[in-house]
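Okay, structure first, notes after.
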Amino acid sequence: MKELPKAYEPKRYEDEIYRKWEESGFFNPDGLSGEPYSIMMPPPNVTGVLHLGHALENALMDTMARYQRMRGKKVLLVPGTDHAALPTQAKVEKLLMQEGIKNPRQELGREKLVAKIKDFAENSKSTILGQIKKMGTSCDWSRLAYTFDGYRSKAVNEMFKRMYDDGLIYRGYRVVNWSVKGQSTCSDDEVIHVERPAKLYTFKYSKDFPIMIATTRPETKLGDTAVAVNPGDDRYKMYIGKKYQIDIGAALPLQIKIIADENVEINFGTGALGVTPAHSPTDFEIYEKQKAKDDPIGLIPVIGSDGLMTDAAGINYQGLTVEVAREKFVAWLKENSLLEKEDDIIQNVGTSDRFGDVIEAIPMTQWWLDMRKEIPGRDKSLKDLMRLAVTTGLNNDPAQKVFITPERFKKLYLDRILNLRDWCLSRQIWWGHRIPVWYCVGDGACKIECKQPIVTLEKPDYCPHCNSKNIIQDEDTLDTWFSSGLWTFSTLGWPDKTEDMKKFHPTSWIQMGYEIRDLWMMRMILMSSYALKQIPFKNVYFHGMLRDESGKKFSKSSGNNIDPLDVIKQYGADALRWSVLGGIAPGNDSKFYEEKIEGARNLVNKLWNISRFMVARISEPGKDIVEPKPKTLADQWIMSRLAGTVETVKENIEKYNFSYAGEALRDFTWNDLADWYLEIAKVEGDKSETLNYILNTILKLWHPFMPFVTEAIWNEAYNGSMLMVEKWPVANQEKISLAVEADFGIIQKIIVQIRNWRAEHKIEPKEKIKAVITFGRDLIPANGGVIKFFGRLETLAFVKKTVTGEATDFEIKFDCQVDANKEMERLRKEIAAIEPYVASQEKKLANEQFVGGAPATVVAGERKKLAEAKEKLAKLNEQLIK
RNA sequence: GGGCGGCUAGCUCAGUUGGUUAGAGCGUUACAUUGACAUUGUAAAGGUCACAGGUUCGAAUCCUGUGCCGCCCACCA
């Protein structure tokens with residue numbers, strides 16, 4: 001027997017326990033046997049510290065990892081961090097600007113700025129890793145990965161080269177999403193659409209121009225080269241093919257060609273679209289289409305990468321910001337009576353998710369990944385692979401199919417890839433994987449071939465064509481998601497053919513927030529399907545977002561930020577884990593607030609205290625014990641409930657219903673075990689074996705959810721061994737007995753009735769009363785001791801029922817001074833509650849359609865219910881008359 | 001414009017293929033307090049399951065429509 005402190009103090013145990021786990025070597029799968037089970041941690045960005053969302057992710061991953069480890073799997077959970085190219089550079093630049101460095105890129109230059117970012121990244125990396133440990137996450141630190149370390153860089157270059165050699169990566173002059181503030185491109189996924197009021201201007205290029213057009217961006221009209229109309233539009237048909245030369249103030253007169261395009265809607269606006277190929281992705285597509293049709297139109301960039309109007313915009317506009325140029329151009333239209341009208345509208349404007357400024361569409365030469373092109377020798381495009389991975393499975397192999405939880409996200413994913421355009425890979429920021437492409441800037445002796453980019457894994461010494469040593473690397477870096485897309489296998493040593501690759505890929509399960517579905521899941525599927533012909537993971541689970549009490553996202557800017565470390569400090573890691581996991585459903589957001597953490601802390605403490613109680617009553621604690629033989633109904637009952645709980649917990653973890661699994665376990669622990677069985681143990685006595693068995697089992701069940709407190713108790717109770725690698729309990733199905741549970745339910749009902757009666761008659765809890773129970777079944781007197789104890793009865797007598805009614809029936813009479821009026825009132829209240837029910841049951845059973853239509857078992861059940869209710873009612877009426 | 005999710009007790013949420021008198025936690029109220037635990041116990045109050053139709057013997061659950069809240073996608077100039 002042991003004396004444990006009254007309350008669980010997480011601080012006393014957590015760090016030491018984590019150290020013991022780490023030292024045990026069981027975080028590393030090499031020390032485990034069994035079937036491999038792998039989870040890759042979504043690497044947190046090295047932009048700062050972990051927030052609550054990460055706490056949720058760690059709780060989810062670790063619960064799964066610990067469960068699987070105890071199930072006897074060879075579990076690998078790889079920790080890591082993401083260099084998060086653009087977000088990190090944006091963040092550090094912002095900090096530097098706050099320190100007074102106005103233009104960090106100009107003032108520091110590439111090398112120094114990258115060094116600063118690296119410092120910052122390394123710093124936040126170590127903070128983050130420390131936080132992951134605090135959460136109790138059982139990951140293999142020997143396989144720690146970073147998207148920007150040597151191994152991962154090697155994988156990135158390899159992937160780029162393979163894709164380039166396959167003709168999927170190309171360099172092309174196209175319209176990109178350009179952030180003027182960030183001085184970089186971004187992908188379509190990083191553009192956030194924001195609704196803003198805007199003006200829609202309807203105007204003509206000149207007095208004799210036959211068609212009106214409308215626009216929200218008048219200043220770009222200085223670069224128009226065509227007007228597109230629907231070929232079926234009778235108003236404009238006759239103009240198709242005609243060319244007009246007009247002067248609206250641009251450097252050169254505009255050459256406007258009237259062209260036909262099916263996508264122009266006749267009924268929208270003026271039914272004509274002013275085409276600005278340089279500054280609209282749609283118009284650029286028209287430009288390309290026209291080129292393909294051998295009926296080319298021009299392309300005039302009038303906005304530069306600095307966000308100012310270019311020379312091509314004309315002497316009156318060049319150097320102006322777009323806003324000023326817009327006003328000026330509109331003024332000019334008005335002066336020349338070309339403006340038909342201006343309407344106020346709400347417009348969706350694309351903004352940069354990191355820099356926040358409005359995204360300009362600007363044509364540039366960039367690196368692209370082709371989504372639609374057939375992969376050499378595979379008869380499929382990347383887009384096809386991405387689709388097949390979730391539908392039939394890659395190569396029609398069901399083993400190569402990704403299962404998505406919740407299922408509705410599968411449809412969203414498929415819809416998304418349907419509209420996928422080529423992925424712009426290159427970024428002009430400096431923090432990130434430099435594109436593995438080199439150019440010969442030769443010594444004048446260059447050949448034409450020297451203009452070709454050289455794509456190699458490492459810097460070549462010579463130009464392969466002219467042998468010049470004058471070779472420079474592409475200035476640009478890769479989209480950060482390119483390296484994240486490789487995560488499931490770059491973490492396992494790819495492109496080398498490692499043992500880990502063989503064992504752990506495809507990975508078993510991954511979890512992530514739904515907000516990065518398009519950014520990350522899609523690209524992992526793309527990369528893995530392409531390079532390995534394997535899916536990256538067999539199962540993917542999407543969690544929702546944690547919000548505060550009023551439904552707002554947690555963020556520093558809205559001042560509602562909660563630091564997981566503070567929560568751990570105050571309540572412990574187990575409480576934090578439980579509070580983020582409680583009440584969540586796959587794919588749904590959930591709310592997080594103080595009371596939830598308190599509730600979790602109370603639960604942790606409750607578990608601690610029932611364990612204390614049990615440990616004190618176990619004469620020979622031992623972890624290798626056989627199932628005890630039940631001696632009483634209560635024993636049978638608790639064993640049945642325990643077995644049922646083992647089953648429920650397992651089933652629900654495997655269906656990713658973490659919340660439900662936990663609730664079932666809580667329900668058993670608190671309501672069945674603590675409130676009933678442990679109380680019974682006080683009267684029935686001699687429960688050592690059973691208590692040992694129960695404690696043993698529930699600690700294992702609780703471990704994935706609350707690793708620290710369970711390990712602490714385990715160590716106190718069964719010192720020497722480690723709970724983390726104990727075998728997960730197997731439900732003894734034979735012990736699950738509905739009959740036993742129903743029988744015990746009768747005893748509970750009797751006790752509740754006595755308690756109620758006492759409460760209603762305001763009988764002091766201390767006061768012992770006498771009672772007589774008329775019973776129909778022997779199990780009632782057999783549990784007399786329990787009833788007497790719970791009901792605080794002085795004496796309890798039993799009378800066997802003479803008339804046989806319902807088998808479960810019992811009646812309690814109290815020998816005690818009570819207020820007769822109160823008793824009448826109580827009886828009336830009870831009668832009033834039952835009467836309507838009896839009436840509705842009678843009506844239901846009188847309904848021939850119900851009796852005829854419903855299954856016999858249902859009808860029989862309803863009949864029984866009616867009989868019981870009627871009997872109870874009769875008895876109450878009888879008592880009332882007395 | 002298209003789509004998705006939510007609407008169940010004061011609050012946060014369960015409710016698994018339609019079948020007890022719709023549940024839990026928190027909060028509230030009353031009572032208790034040397035007991036493994038006040039980070040506790042016992043009990044009570046509290047719900048037209050957003051609304052309107054429909055299918056069915058029977059609907060919180062299935063179908064249709066409406067409303068409100070939240071989110072995602074889209075090149076509507």
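A note on labels: chains of the structure tokens are A, B, ... as shown, every chain counts residues from 1, and ligands are counted from 1 in their shown order.
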Using only C-alpha atoms (C1' of nucleotides), I'd like every residue of chain B that has an atom within 10 Å of chain A; please write them out as an MDAnalysis selection string.
chainID B and resid 3:6 11:14 19:21 24:27 30:32 36:37 39:44 56:58 70:77
Those in region 423-501 of chain A with helix (DSSP H, G or I) from DSSP, as a PDB file with N, CA, C and O atoms, in the first residue's frame:
```pdb
ATOM      1  N   ILE A 448      24.372  28.817 -79.347  1.00  0.00           N
ATOM      2  CA  ILE A 448      22.936  29.010 -79.131  1.00  0.00           C
ATOM      3  C   ILE A 448      22.441  28.100 -78.008  1.00  0.00           C
ATOM      4  O   ILE A 448      21.643  28.489 -77.162  1.00  0.00           O
ATOM      5  N   GLU A 449      22.992  26.879 -77.955  1.00  0.00           N
ATOM      6  CA  GLU A 449      22.551  25.917 -76.933  1.00  0.00           C
ATOM      7  C   GLU A 449      22.815  26.438 -75.517  1.00  0.00           C
ATOM      8  O   GLU A 449      22.191  26.009 -74.550  1.00  0.00           O
ATOM      9  N   CYS A 450      23.802  27.318 -75.421  1.00  0.00           N
ATOM     10  CA  CYS A 450      24.155  27.817 -74.100  1.00  0.00           C
ATOM     11  C   CYS A 450      23.011  28.577 -73.451  1.00  0.00           C
ATOM     12  O   CYS A 450      23.009  28.804 -72.258  1.00  0.00           O
ATOM     13  N   LYS A 451      22.059  29.006 -74.261  1.00  0.00           N
ATOM     14  CA  LYS A 451      20.923  29.719 -73.696  1.00  0.00           C
ATOM     15  C   LYS A 451      19.999  28.785 -72.912  1.00  0.00           C
ATOM     16  O   LYS A 451      19.170  29.226 -72.132  1.00  0.00           O
ATOM     17  N   THR A 480       7.276  27.168 -51.273  1.00  0.00           N
ATOM     18  CA  THR A 480       7.557  26.365 -50.080  1.00  0.00           C
ATOM     19  C   THR A 480       6.807  25.041 -50.082  1.00  0.00           C
ATOM     20  O   THR A 480       7.249  24.048 -49.518  1.00  0.00           O
ATOM     21  N   TRP A 481       5.658  25.008 -50.733  1.00  0.00           N
ATOM     22  CA  TRP A 481       4.864  23.776 -50.748  1.00  0.00           C
ATOM     23  C   TRP A 481       5.470  22.698 -51.628  1.00  0.00           C
ATOM     24  O   TRP A 481       5.061  21.547 -51.579  1.00  0.00           O
ATOM     25  N   PHE A 482       6.450  23.095 -52.462  1.00  0.00           N
ATOM     26  CA  PHE A 482       7.140  22.085 -53.261  1.00  0.00           C
ATOM     27  C   PHE A 482       7.869  21.129 -52.317  1.00  0.00           C
ATOM     28  O   PHE A 482       7.775  19.917 -52.454  1.00  0.00           O
ATOM     29  N   SER A 483       8.580  21.679 -51.337  1.00  0.00           N
ATOM     30  CA  SER A 483       9.284  20.794 -50.402  1.00  0.00           C
ATOM     31  C   SER A 483       8.305  20.125 -49.430  1.00  0.00           C
ATOM     32  O   SER A 483       8.501  18.968 -49.053  1.00  0.00           O
ATOM     33  N   SER A 484       7.237  20.816 -49.039  1.00  0.00           N
ATOM     34  CA  SER A 484       6.257  20.196 -48.144  1.00  0.00           C
ATOM     35  C   SER A 484       5.579  19.010 -48.818  1.00  0.00           C
ATOM     36  O   SER A 484       5.201  18.058 -48.158  1.00  0.00           O
ATOM     37  N   TRP A 487       7.040  15.650 -48.167  1.00  0.00           N
ATOM     38  CA  TRP A 487       7.243  15.353 -46.742  1.00  0.00           C
ATOM     39  C   TRP A 487       7.097  13.895 -46.366  1.00  0.00           C
ATOM     40  O   TRP A 487       7.879  13.380 -45.572  1.00  0.00           O
ATOM     41  N   THR A 488       6.083  13.196 -46.891  1.00  0.00           N
ATOM     42  CA  THR A 488       5.889  11.809 -46.433  1.00  0.00           C
ATOM     43  C   THR A 488       7.064  10.908 -46.793  1.00  0.00           C
ATOM     44  O   THR A 488       7.286   9.901 -46.141  1.00  0.00           O
ATOM     45  N   PHE A 489       7.826  11.282 -47.826  1.00  0.00           N
ATOM     46  CA  PHE A 489       8.955  10.409 -48.172  1.00  0.00           C
ATOM     47  C   PHE A 489      10.323  11.074 -48.064  1.00  0.00           C
ATOM     48  O   PHE A 489      11.323  10.392 -47.878  1.00  0.00           O
ATOM     49  N   SER A 490      10.373  12.404 -48.130  1.00  0.00           N
ATOM     50  CA  SER A 490      11.681  13.043 -47.924  1.00  0.00           C
ATOM     51  C   SER A 490      12.128  12.784 -46.482  1.00  0.00           C
ATOM     52  O   SER A 490      13.322  12.702 -46.199  1.00  0.00           O
ATOM     53  N   GLU A 499      15.700   1.542 -45.976  1.00  0.00           N
ATOM     54  CA  GLU A 499      14.853   0.558 -45.293  1.00  0.00           C
ATOM     55  C   GLU A 499      13.561   1.230 -44.839  1.00  0.00           C
ATOM     56  O   GLU A 499      12.481   0.664 -44.924  1.00  0.00           O
ATOM     57  N   ASP A 500      13.703   2.453 -44.345  1.00  0.00           N
ATOM     58  CA  ASP A 500      12.544   3.200 -43.872  1.00  0.00           C
ATOM     59  C   ASP A 500      11.506   3.368 -44.978  1.00  0.00           C
ATOM     60  O   ASP A 500      10.307   3.258 -44.737  1.00  0.00           O
ATOM     61  N   MET A 501      11.989   3.654 -46.179  1.00  0.00           N
ATOM     62  CA  MET A 501      11.062   3.816 -47.307  1.00  0.00           C
ATOM     63  C   MET A 501      10.261   2.544 -47.508  1.00  0.00           C
ATOM     64  O   MET A 501       9.056   2.581 -47.742  1.00  0.00           O
TER      65      MET A 501
END
```
Residue nearest U61 (chain B) among B:U33, B:G23, B:A45, B:U8 (counting only C-alpha atoms (C1' of nucleotides))
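With only C-alpha atoms (C1' of nucleotides) as the atom set, the closest residue is B:U8.
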I'd like the interatomic distance between CA of Phe708 (chain A) and CA of Tyr571 (chain A), to a tenth of an Å.
12.3 Å
